[in-house]
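A.B. asks: My structure is in my_file_11.tsv, and what it holds is TSV, C-alpha atoms:
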chain	number	residue	atom	x	y	z
T	88	MET	CA	66.28	-94.38	19.92
T	89	SER	CA	63.08	-92.62	21.04
T	90	ASN	CA	60.80	-90.59	18.80
T	91	GLY	CA	61.75	-87.50	20.81
T	92	HIS	CA	65.44	-88.08	20.13
T	93	ILE	CA	64.67	-88.51	16.44
T	94	VAL	CA	62.83	-85.18	16.24
T	95	ILE	CA	65.53	-83.32	18.20
T	96	GLY	CA	68.43	-84.85	16.28
T	97	GLU	CA	66.89	-84.26	12.86
T	98	LEU	CA	65.79	-80.73	13.77
T	99	PHE	CA	69.23	-79.59	14.91
T	100	GLY	CA	71.07	-81.50	12.19
T	101	THR	CA	68.88	-80.25	9.36
T	102	ALA	CA	68.96	-76.69	10.70
T	103	VAL	CA	72.77	-76.74	10.56
T	104	LEU	CA	72.69	-78.29	7.08
T	105	ILE	CA	70.46	-75.51	5.77
T	106	LEU	CA	72.27	-72.77	7.70
T	107	LEU	CA	75.63	-73.70	6.16
T	108	GLY	CA	74.26	-74.61	2.73
T	109	GLY	CA	71.98	-71.63	2.40
T	110	GLY	CA	74.70	-69.52	3.99
T	111	VAL	CA	77.18	-70.29	1.25
T	112	CYS	CA	74.54	-69.45	-1.37
T	113	ALA	CA	73.96	-66.12	0.37
T	114	ALA	CA	77.69	-65.49	0.64
T	115	VAL	CA	78.23	-66.07	-3.07
T	116	THR	CA	75.08	-64.27	-4.24
T	117	LEU	CA	74.59	-61.15	-2.16
T	118	LYS	CA	76.28	-57.82	-2.65
T	119	LYS	CA	78.38	-56.58	0.27
T	120	SER	CA	79.38	-60.17	1.04
T	121	LYS	CA	83.07	-60.97	1.21
T	122	ALA	CA	82.49	-64.19	-0.78
T	123	ARG	CA	80.50	-62.51	-3.58
T	124	ASP	CA	80.95	-64.33	-6.92
T	125	ALA	CA	83.04	-67.14	-5.40
T	126	GLY	CA	81.24	-69.51	-7.78
T	127	TRP	CA	79.70	-72.95	-8.05
T	128	VAL	CA	82.63	-74.87	-6.56
T	129	ALA	CA	82.32	-72.85	-3.36
T	130	ILE	CA	78.59	-73.59	-3.26
T	131	THR	CA	79.04	-77.34	-3.68
T	132	PHE	CA	81.68	-77.51	-0.94
T	133	GLY	CA	79.52	-75.35	1.32
T	134	TRP	CA	76.65	-77.81	0.99
T	135	GLY	CA	79.00	-80.74	1.53
T	136	PHE	CA	80.28	-79.21	4.76
T	137	GLY	CA	76.68	-78.54	5.74
T	138	VAL	CA	75.94	-82.25	5.40
T	139	LEU	CA	79.09	-83.05	7.37
T	140	GLY	CA	78.29	-80.73	10.26
T	141	GLY	CA	74.59	-81.53	10.43
T	142	ALA	CA	75.05	-85.29	10.24
T	143	TYR	CA	77.71	-85.36	12.95
T	144	ILE	CA	75.50	-83.29	15.25
T	145	ALA	CA	72.45	-85.51	14.72
T	146	ASN	CA	74.25	-88.84	14.45
T	147	GLY	CA	74.03	-89.85	18.11
T	148	TYR	CA	70.36	-88.95	18.42
T	149	SER	CA	68.67	-89.87	15.15
T	150	GLY	CA	71.32	-91.29	12.84
T	151	GLY	CA	71.61	-87.99	10.96
T	152	GLN	CA	69.39	-88.72	7.98
T	153	LEU	CA	68.50	-85.00	7.45
T	154	ASN	CA	66.61	-85.76	4.25
T	155	PRO	CA	63.11	-87.19	3.63
T	156	ALA	CA	64.47	-88.98	0.55
T	157	VAL	CA	67.08	-90.78	2.67
T	158	THR	CA	64.41	-91.61	5.25
T	159	LEU	CA	62.19	-93.05	2.51
T	160	GLY	CA	65.01	-95.13	1.05
T	161	ILE	CA	65.88	-96.56	4.47
T	162	ALA	CA	62.23	-97.39	5.18
T	163	ILE	CA	61.98	-99.25	1.87
T	164	LYS	CA	65.20	-101.09	2.64
T	165	THR	CA	64.22	-102.13	6.17
T	166	GLY	CA	60.43	-102.24	5.99
T	167	GLN	CA	60.32	-100.14	9.19
T	168	TRP	CA	57.93	-97.22	8.81
T	169	SER	CA	56.93	-96.35	12.37
T	170	HIS	CA	59.61	-93.69	12.90
T	171	VAL	CA	59.22	-92.05	9.48
T	172	PRO	CA	56.75	-89.30	10.57
T	173	PHE	CA	59.09	-88.20	13.36
T	174	TYR	CA	62.04	-87.98	10.98
T	175	LEU	CA	59.96	-85.84	8.62
T	176	ILE	CA	58.79	-83.53	11.41
T	177	GLY	CA	62.35	-82.90	12.54
T	178	GLN	CA	63.68	-82.45	9.01
T	179	PHE	CA	61.09	-79.94	7.83
T	180	ALA	CA	61.14	-77.98	11.11
T	181	GLY	CA	64.94	-77.86	10.97
T	182	ALA	CA	64.86	-76.66	7.36
T	183	LEU	CA	62.55	-73.80	8.29
T	184	ILE	CA	64.76	-72.78	11.21
T	185	GLY	CA	67.99	-73.03	9.20
T	186	ALA	CA	66.62	-70.88	6.38
T	187	PHE	CA	65.42	-68.25	8.85
T	188	LEU	CA	68.88	-68.14	10.44
T	189	VAL	CA	70.47	-67.55	7.02
T	190	TRP	CA	68.34	-64.43	6.77
T	191	VAL	CA	69.35	-63.35	10.29
T	192	VAL	CA	73.07	-63.73	9.51
T	193	TYR	CA	72.84	-61.91	6.15
T	194	MET	CA	70.06	-59.47	6.98
T	195	GLY	CA	72.01	-56.39	5.98
T	196	GLN	CA	73.30	-58.00	2.78
T	197	PHE	CA	69.77	-59.02	1.75
T	198	THR	CA	68.58	-55.44	2.14
T	199	ALA	CA	71.57	-53.99	0.29
T	200	HIS	CA	71.20	-56.50	-2.54
T	201	LEU	CA	67.47	-56.10	-2.97
T	202	THR	CA	67.62	-52.30	-2.99
T	203	ASP	CA	70.59	-52.07	-5.36
T	204	SER	CA	69.76	-50.30	-8.62
T	205	GLU	CA	71.63	-52.82	-10.80
T	206	VAL	CA	69.85	-55.75	-9.20
T	207	LEU	CA	66.48	-54.05	-9.61
T	208	ALA	CA	67.32	-53.38	-13.26
T	209	GLY	CA	67.85	-57.09	-13.83
T	210	HIS	CA	71.63	-57.17	-13.68
T	211	GLY	CA	73.87	-58.93	-11.21
T	212	ALA	CA	72.42	-62.40	-11.81
T	213	ASP	CA	72.12	-64.80	-8.92
T	214	PRO	CA	74.72	-67.57	-9.47
T	215	ALA	CA	72.89	-69.93	-7.12
T	216	GLY	CA	69.41	-69.24	-8.34
T	217	PRO	CA	66.77	-70.35	-10.83
T	218	SER	CA	66.89	-69.13	-14.38
T	219	THR	CA	64.71	-69.22	-17.46
T	220	GLY	CA	67.79	-69.81	-19.59
T	221	ASP	CA	68.02	-66.21	-20.76
T	222	GLY	CA	69.43	-64.80	-17.54
T	223	SER	CA	66.14	-63.67	-16.05
T	224	LEU	CA	65.14	-64.90	-12.62
T	225	PRO	CA	61.45	-65.92	-12.41
T	226	GLY	CA	61.62	-66.29	-8.65
T	227	GLY	CA	63.34	-62.98	-7.99
T	228	PRO	CA	66.97	-62.08	-7.32
T	229	VAL	CA	67.48	-63.96	-4.03
T	230	LEU	CA	65.28	-67.06	-4.32
T	231	GLY	CA	68.37	-69.12	-5.15
T	232	VAL	CA	69.72	-68.44	-1.67
T	233	PHE	CA	66.78	-70.43	-0.33
T	234	SER	CA	65.78	-72.98	-2.96
T	235	THR	CA	66.73	-74.48	-6.29
T	236	GLY	CA	65.70	-73.82	-9.86
T	237	PRO	CA	66.67	-75.00	-13.35
T	238	GLU	CA	68.90	-73.27	-15.85
T	239	ILE	CA	66.72	-74.64	-18.68
T	240	ARG	CA	63.07	-75.14	-17.84
T	241	ASN	CA	62.19	-78.57	-19.16
T	242	THR	CA	59.92	-80.50	-16.83
T	243	VAL	CA	60.99	-83.96	-17.95
T	244	GLN	CA	64.71	-83.19	-17.88
T	245	ASN	CA	64.51	-81.31	-14.57
T	246	LEU	CA	62.56	-84.15	-12.94
T	247	LEU	CA	64.90	-86.84	-14.28
T	248	THR	CA	67.94	-84.90	-13.11
T	249	GLU	CA	66.62	-84.81	-9.54
T	250	ILE	CA	65.59	-88.49	-9.69
T	251	ILE	CA	68.99	-89.66	-10.92
T	252	ALA	CA	71.05	-87.48	-8.58
T	253	THR	CA	69.02	-88.53	-5.54
T	254	ALA	CA	69.12	-92.20	-6.51
T	255	VAL	CA	72.92	-92.02	-6.52
T	256	LEU	CA	72.96	-90.43	-3.06
T	257	VAL	CA	70.46	-92.80	-1.46
T	258	LEU	CA	71.91	-95.96	-3.01
T	259	PHE	CA	75.34	-94.98	-1.69
T	260	ILE	CA	73.95	-94.45	1.81
T	261	LEU	CA	72.02	-97.72	1.79
T	262	THR	CA	75.04	-99.72	0.69
T	263	GLN	CA	77.04	-98.25	3.59
T	264	GLY	CA	74.68	-100.01	5.99
T	265	MET	CA	72.56	-97.13	7.26
T	266	THR	CA	69.22	-98.21	8.77
T	267	ASN	CA	66.75	-96.77	11.26
T	268	GLY	CA	68.65	-98.40	14.10
T	269	LEU	CA	72.19	-98.04	12.82
T	270	ALA	CA	73.82	-94.74	11.91
T	271	LEU	CA	76.78	-94.29	9.62
T	272	ASN	CA	80.14	-94.23	11.35
T	273	GLY	CA	82.36	-91.16	11.22
T	274	LEU	CA	84.02	-92.23	7.99
T	275	GLY	CA	80.65	-92.96	6.42
T	276	ILE	CA	79.44	-89.46	7.22
T	277	LEU	CA	82.59	-87.93	5.74
T	278	LEU	CA	82.25	-90.01	2.56
T	279	THR	CA	78.59	-89.06	2.22
T	280	ALA	CA	79.47	-85.38	2.55
T	281	LEU	CA	82.12	-85.76	-0.16
T	282	LEU	CA	79.59	-87.54	-2.36
T	283	VAL	CA	77.22	-84.57	-1.96
T	284	VAL	CA	80.04	-82.33	-3.20
T	285	GLY	CA	80.61	-84.72	-6.11
T	286	ILE	CA	76.93	-84.80	-7.02
T	287	GLY	CA	76.86	-81.03	-7.00
T	288	LEU	CA	79.91	-80.76	-9.24
T	289	SER	CA	78.79	-83.48	-11.65
T	290	LEU	CA	74.98	-83.44	-11.66
T	291	GLY	CA	74.07	-80.12	-10.05
T	292	GLY	CA	74.42	-77.90	-13.11
T	293	PRO	CA	70.95	-78.39	-14.62
T	294	THR	CA	68.75	-77.83	-11.54
T	295	GLY	CA	70.96	-76.89	-8.59
T	296	TYR	CA	70.61	-80.43	-7.14
T	297	ALA	CA	67.99	-80.23	-4.41
T	298	ILE	CA	68.24	-84.03	-3.74
T	299	ASN	CA	66.32	-83.30	-0.53
T	300	PRO	CA	62.65	-82.25	-0.37
T	301	ALA	CA	63.05	-80.57	3.04
T	302	ARG	CA	66.11	-78.65	1.86
T	303	ASP	CA	64.09	-77.07	-0.96
T	304	LEU	CA	60.52	-76.77	0.31
T	305	GLY	CA	61.29	-75.50	3.82
T	306	PRO	CA	63.50	-72.59	2.72
T	307	ARG	CA	61.12	-71.78	-0.16
T	308	ILE	CA	58.35	-71.33	2.40
T	309	VAL	CA	60.63	-69.08	4.48
T	310	HIS	CA	61.42	-67.01	1.36
T	311	SER	CA	57.71	-66.53	0.75
T	312	LEU	CA	57.16	-65.31	4.33
T	313	LEU	CA	60.19	-63.10	4.96
T	314	PRO	CA	59.74	-59.31	4.73
T	315	LEU	CA	62.35	-58.89	1.99
T	316	PRO	CA	61.98	-55.80	-0.24
T	317	ASN	CA	61.64	-56.48	-3.98
T	318	LYS	CA	62.18	-60.21	-3.41
T	319	GLY	CA	59.93	-61.43	-6.21
T	320	GLY	CA	57.92	-64.64	-6.17
T	321	SER	CA	58.86	-68.03	-4.77
T	322	ASP	CA	58.43	-69.91	-8.08
T	323	TRP	CA	55.77	-72.30	-6.80
T	324	GLY	CA	55.20	-73.61	-10.31
T	325	TYR	CA	58.57	-75.37	-10.13
T	326	ALA	CA	58.44	-76.26	-6.42
T	327	TRP	CA	56.97	-79.76	-6.90
T	328	ILE	CA	59.95	-81.02	-8.90
T	329	PRO	CA	62.56	-80.84	-6.07
T	330	VAL	CA	60.05	-82.66	-3.86
T	331	VAL	CA	58.73	-85.37	-6.17
T	332	GLY	CA	62.04	-85.97	-7.97
T	333	PRO	CA	64.09	-86.79	-4.86
T	334	LEU	CA	61.33	-88.97	-3.41
T	335	ALA	CA	61.06	-90.89	-6.67
T	336	GLY	CA	64.84	-91.27	-6.82
T	337	ALA	CA	64.87	-92.58	-3.25
T	338	ALA	CA	62.15	-95.10	-4.03
T	339	ILE	CA	64.11	-96.32	-7.04
T	340	ALA	CA	67.28	-96.60	-4.96
T	341	GLY	CA	65.46	-98.52	-2.23
T	342	GLY	CA	63.97	-100.87	-4.80
T	343	LEU	CA	67.33	-101.42	-6.48
T	344	TYR	CA	68.92	-102.17	-3.13
T	345	ARG	CA	66.32	-104.80	-2.28
T	346	LEU	CA	66.53	-106.31	-5.77
T	347	CYS	CA	70.28	-106.30	-6.32
T	348	PHE	CA	72.07	-105.97	-2.97
T	349	THR	CA	70.20	-108.35	-0.67
Here is the file; what I need is its structure written in the form of structure tokens.
C.D. replies:
Amino acid sequence: MSNGHIVIGELFGTAVLILLGGGVCAAVTLKKSKARDAGWVAITFGWGFGVLGGAYIANGYSGGQLNPAVTLGIAIKTGQWSHVPFYLIGQFAGALIGAFLVWVVYMGQFTAHLTDSEVLAGHGADPAGPSTGDGSLPGGPVLGVFSTGPEIRNTVQNLLTEIIATAVLVLFILTQGMTNGLALNGLGILLTALLVVGIGLSLGGPTGYAINPARDLGPRIVHSLLPLPNKGGSDWGYAWIPVVGPLAGAAIAGGLYRLCFT
């Protein structure tokens, strides 16, 4: 596969991943949405379907990695690093585009939510968003539509949660045979999507399970740039954890694969 195909595949695939994943967070969070308060199970399945759709779209062009952590794990497994920058370019560009499209689809709901008197008074908590543990939202009432945040702010626990959850994801993908030159088959993509749902249900409670640096950082940047009224900050003090944690988890998974599975 060419570097151009890699960028195109990862861009479109990651954009769809973020559009569907961020879309379900918007649907559950925002007032005037038909899915308002549908809950965490809906969010985890929405992200799983996002993985499914994005990976199938990108599979024939780039292998559908859609995640810098997955790309890192594969590079450690194979020792092939030449394509890594092109995967990262496509993934982060796609994440930016997908997050922007979430805003386009829910533009009216964002405005209604962020100008609602109850929301401005601190009520109507964001079920997808970051919390200090006491119900307040340090990043504002809609940041959770775009990026993750912990329910209890404990740097060590939050970082370990992201490391462990990502290591599970990447080790699963590596053991299914995914490499830079070989994509997962259709069943492998479906199983990976179901695993993402399982990780969300089992390990997503503490931090919202970023398990993907592009998925968190790209939409967080979009949140910081969008002209949303009363949106609050983008919680940059936490933003390094859903980047460093998944990358560390991927490195551990890649090392474990080389040590124990080859």
A.B. asks: Check which residues of range 132-222 of chain T sit at most 9 Å from range 302-320 of chain T using all atoms listed in the file, and return one row each with the closest pair of atoms and their distance in Å to one decimal, ordered by chain and rising number, as a Markdown table.
C.D. replies:
| residue | atom | partner | partner_atom | distance |
| --- | --- | --- | --- | --- |
| T:Leu153 | CA | T:Arg302 | CA | 8.8 |
| T:Asn154 | CA | T:Arg302 | CA | 7.5 |
| T:Gln178 | CA | T:Arg302 | CA | 8.5 |
| T:Phe179 | CA | T:Gly305 | CA | 6.0 |
| T:Ala180 | CA | T:Gly305 | CA | 7.7 |
| T:Gly181 | CA | T:Gly305 | CA | 8.4 |
| T:Ala182 | CA | T:Gly305 | CA | 5.2 |
| T:Leu183 | CA | T:Gly305 | CA | 4.9 |
| T:Ile184 | CA | T:Pro306 | CA | 8.6 |
| T:Gly185 | CA | T:Pro306 | CA | 7.9 |
| T:Ala186 | CA | T:Pro306 | CA | 5.1 |
| T:Phe187 | CA | T:Val309 | CA | 6.5 |
| T:Trp190 | CA | T:Leu313 | CA | 8.5 |
| T:Phe197 | CA | T:Leu315 | CA | 7.4 |
| T:Thr198 | CA | T:Pro316 | CA | 7.0 |
| T:Leu201 | CA | T:Asn317 | CA | 5.9 |
| T:Thr202 | CA | T:Pro316 | CA | 7.2 |
| T:Leu207 | CA | T:Asn317 | CA | 7.8 |
A.B. asks: Okay, now the selection with C-alpha atoms, as a compact mmCIF listing (two decimals), keeping the file's coordinate frame?
C.D. replies:
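And here's result_36.txt as it stands now:
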# COMPACT_ATOMS: atom_id res chain seq x y z
CA LEU T 153 68.50 -85.00 7.45
CA ASN T 154 66.61 -85.76 4.25
CA GLN T 178 63.68 -82.45 9.01
CA PHE T 179 61.09 -79.94 7.83
CA ALA T 180 61.14 -77.98 11.11
CA GLY T 181 64.94 -77.86 10.97
CA ALA T 182 64.86 -76.66 7.36
CA LEU T 183 62.55 -73.80 8.29
CA ILE T 184 64.76 -72.78 11.21
CA GLY T 185 67.99 -73.03 9.20
CA ALA T 186 66.62 -70.88 6.38
CA PHE T 187 65.42 -68.25 8.85
CA TRP T 190 68.34 -64.43 6.77
CA PHE T 197 69.77 -59.02 1.75
CA THR T 198 68.58 -55.44 2.14
CA LEU T 201 67.47 -56.10 -2.97
CA THR T 202 67.62 -52.30 -2.99
CA LEU T 207 66.48 -54.05 -9.61
A.B. asks: Pick out the closest residue to Pro228 in chain T from this set: T:Ile339, T:Ile95, T:Leu117, T:Leu188. Count only C-alpha atoms.
C.D. replies: T:Leu117
A.B. asks: Quick check, in Å to one decimal: how far apart do CA of Gly231 in chain T and CA of Leu258 in chain T lie?
C.D. replies: 27.2 Å
A.B. asks: With only C-alpha atoms as the basis for distance, which of T:Val229, T:Leu346, T:Leu139, T:Ala340 is at the shortest distance from Leu104 in chain T?
C.D. replies: T:Leu139
A.B. asks: Return the single residue from T:Phe259, T:Phe233, T:Phe99, T:Cys347 that is closest to Thr279 in chain T, with distances computed using only C-alpha atoms.
C.D. replies: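 Using only C-alpha atoms, the shortest distance to Thr279 in chain T belongs to T:Phe259.
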A.B. asks: Just how far from CA of Gly292 in chain T is CA of Ala122 in chain T, in Å to one decimal?
C.D. replies: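 Separating CA of Ala122 in chain T from CA of Gly292 in chain T is a distance of 20.1 Å.
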A.B. asks: Between CA of Gly141 in chain T and CA of Leu107 in chain T, what distance in Å does the model show, to one decimal?
C.D. replies: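 Separation of CA of Gly141 in chain T and CA of Leu107 in chain T: 9.0 Å.
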A.B. asks: Ranking T:Ala252, T:Thr266, T:Val111, T:Asp322 by minimum distance to Gly227 in chain T and counting all atoms listed in the file, which one comes first?
C.D. replies: T:Asp322
A.B. asks: Nearest to Ser120 in chain T among T:Val171, T:Ala156, T:Met194, T:Met88, with distances taken over only C-alpha atoms: which residue is it?
C.D. replies: T:Met194
A.B. asks: Find, counting only C-alpha atoms, the residue in T:Pro293, T:Pro300, T:Gly140, T:Gly135 that gets nearest to Val103 in chain T.
C.D. replies: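 The shortest atom-to-atom distance to Val103 in chain T comes from T:Gly140.
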A.B. asks: Name the residues within 12 Å of (78.6, -84.8, 14.3), counting only C-alpha atoms in the file's coordinates, and put them as a VMD selection string.
C.D. replies: chain T and resid 96 to 97 99 to 101 103 to 104 136 to 152 270 to 277 280
A.B. asks: Taking the point (69.0, -94.0, -8.2) as given in the file, collect each protein or nucleic acid residue that comes within 8 Å of it, counting all atoms listed in the file, and present the set as an MDAnalysis selection string.
C.D. replies: chainID T and resid 250:258 336:337 339:340 343
A.B. asks: The selected residues should be written to file as a compact mmCIF listing (two decimals), keeping the file's coordinate frame (atoms: C-alpha atoms).
C.D. replies:
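Final output, out-v8.txt:
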# COMPACT_ATOMS: atom_id res chain seq x y z
CA ILE T 250 65.59 -88.49 -9.69
CA ILE T 251 68.99 -89.66 -10.92
CA ALA T 252 71.05 -87.48 -8.58
CA THR T 253 69.02 -88.53 -5.54
CA ALA T 254 69.12 -92.20 -6.51
CA VAL T 255 72.92 -92.02 -6.52
CA LEU T 256 72.96 -90.43 -3.06
CA VAL T 257 70.46 -92.80 -1.46
CA LEU T 258 71.91 -95.96 -3.01
CA GLY T 336 64.84 -91.27 -6.82
CA ALA T 337 64.87 -92.58 -3.25
CA ILE T 339 64.11 -96.32 -7.04
CA ALA T 340 67.28 -96.60 -4.96
CA LEU T 343 67.33 -101.42 -6.48
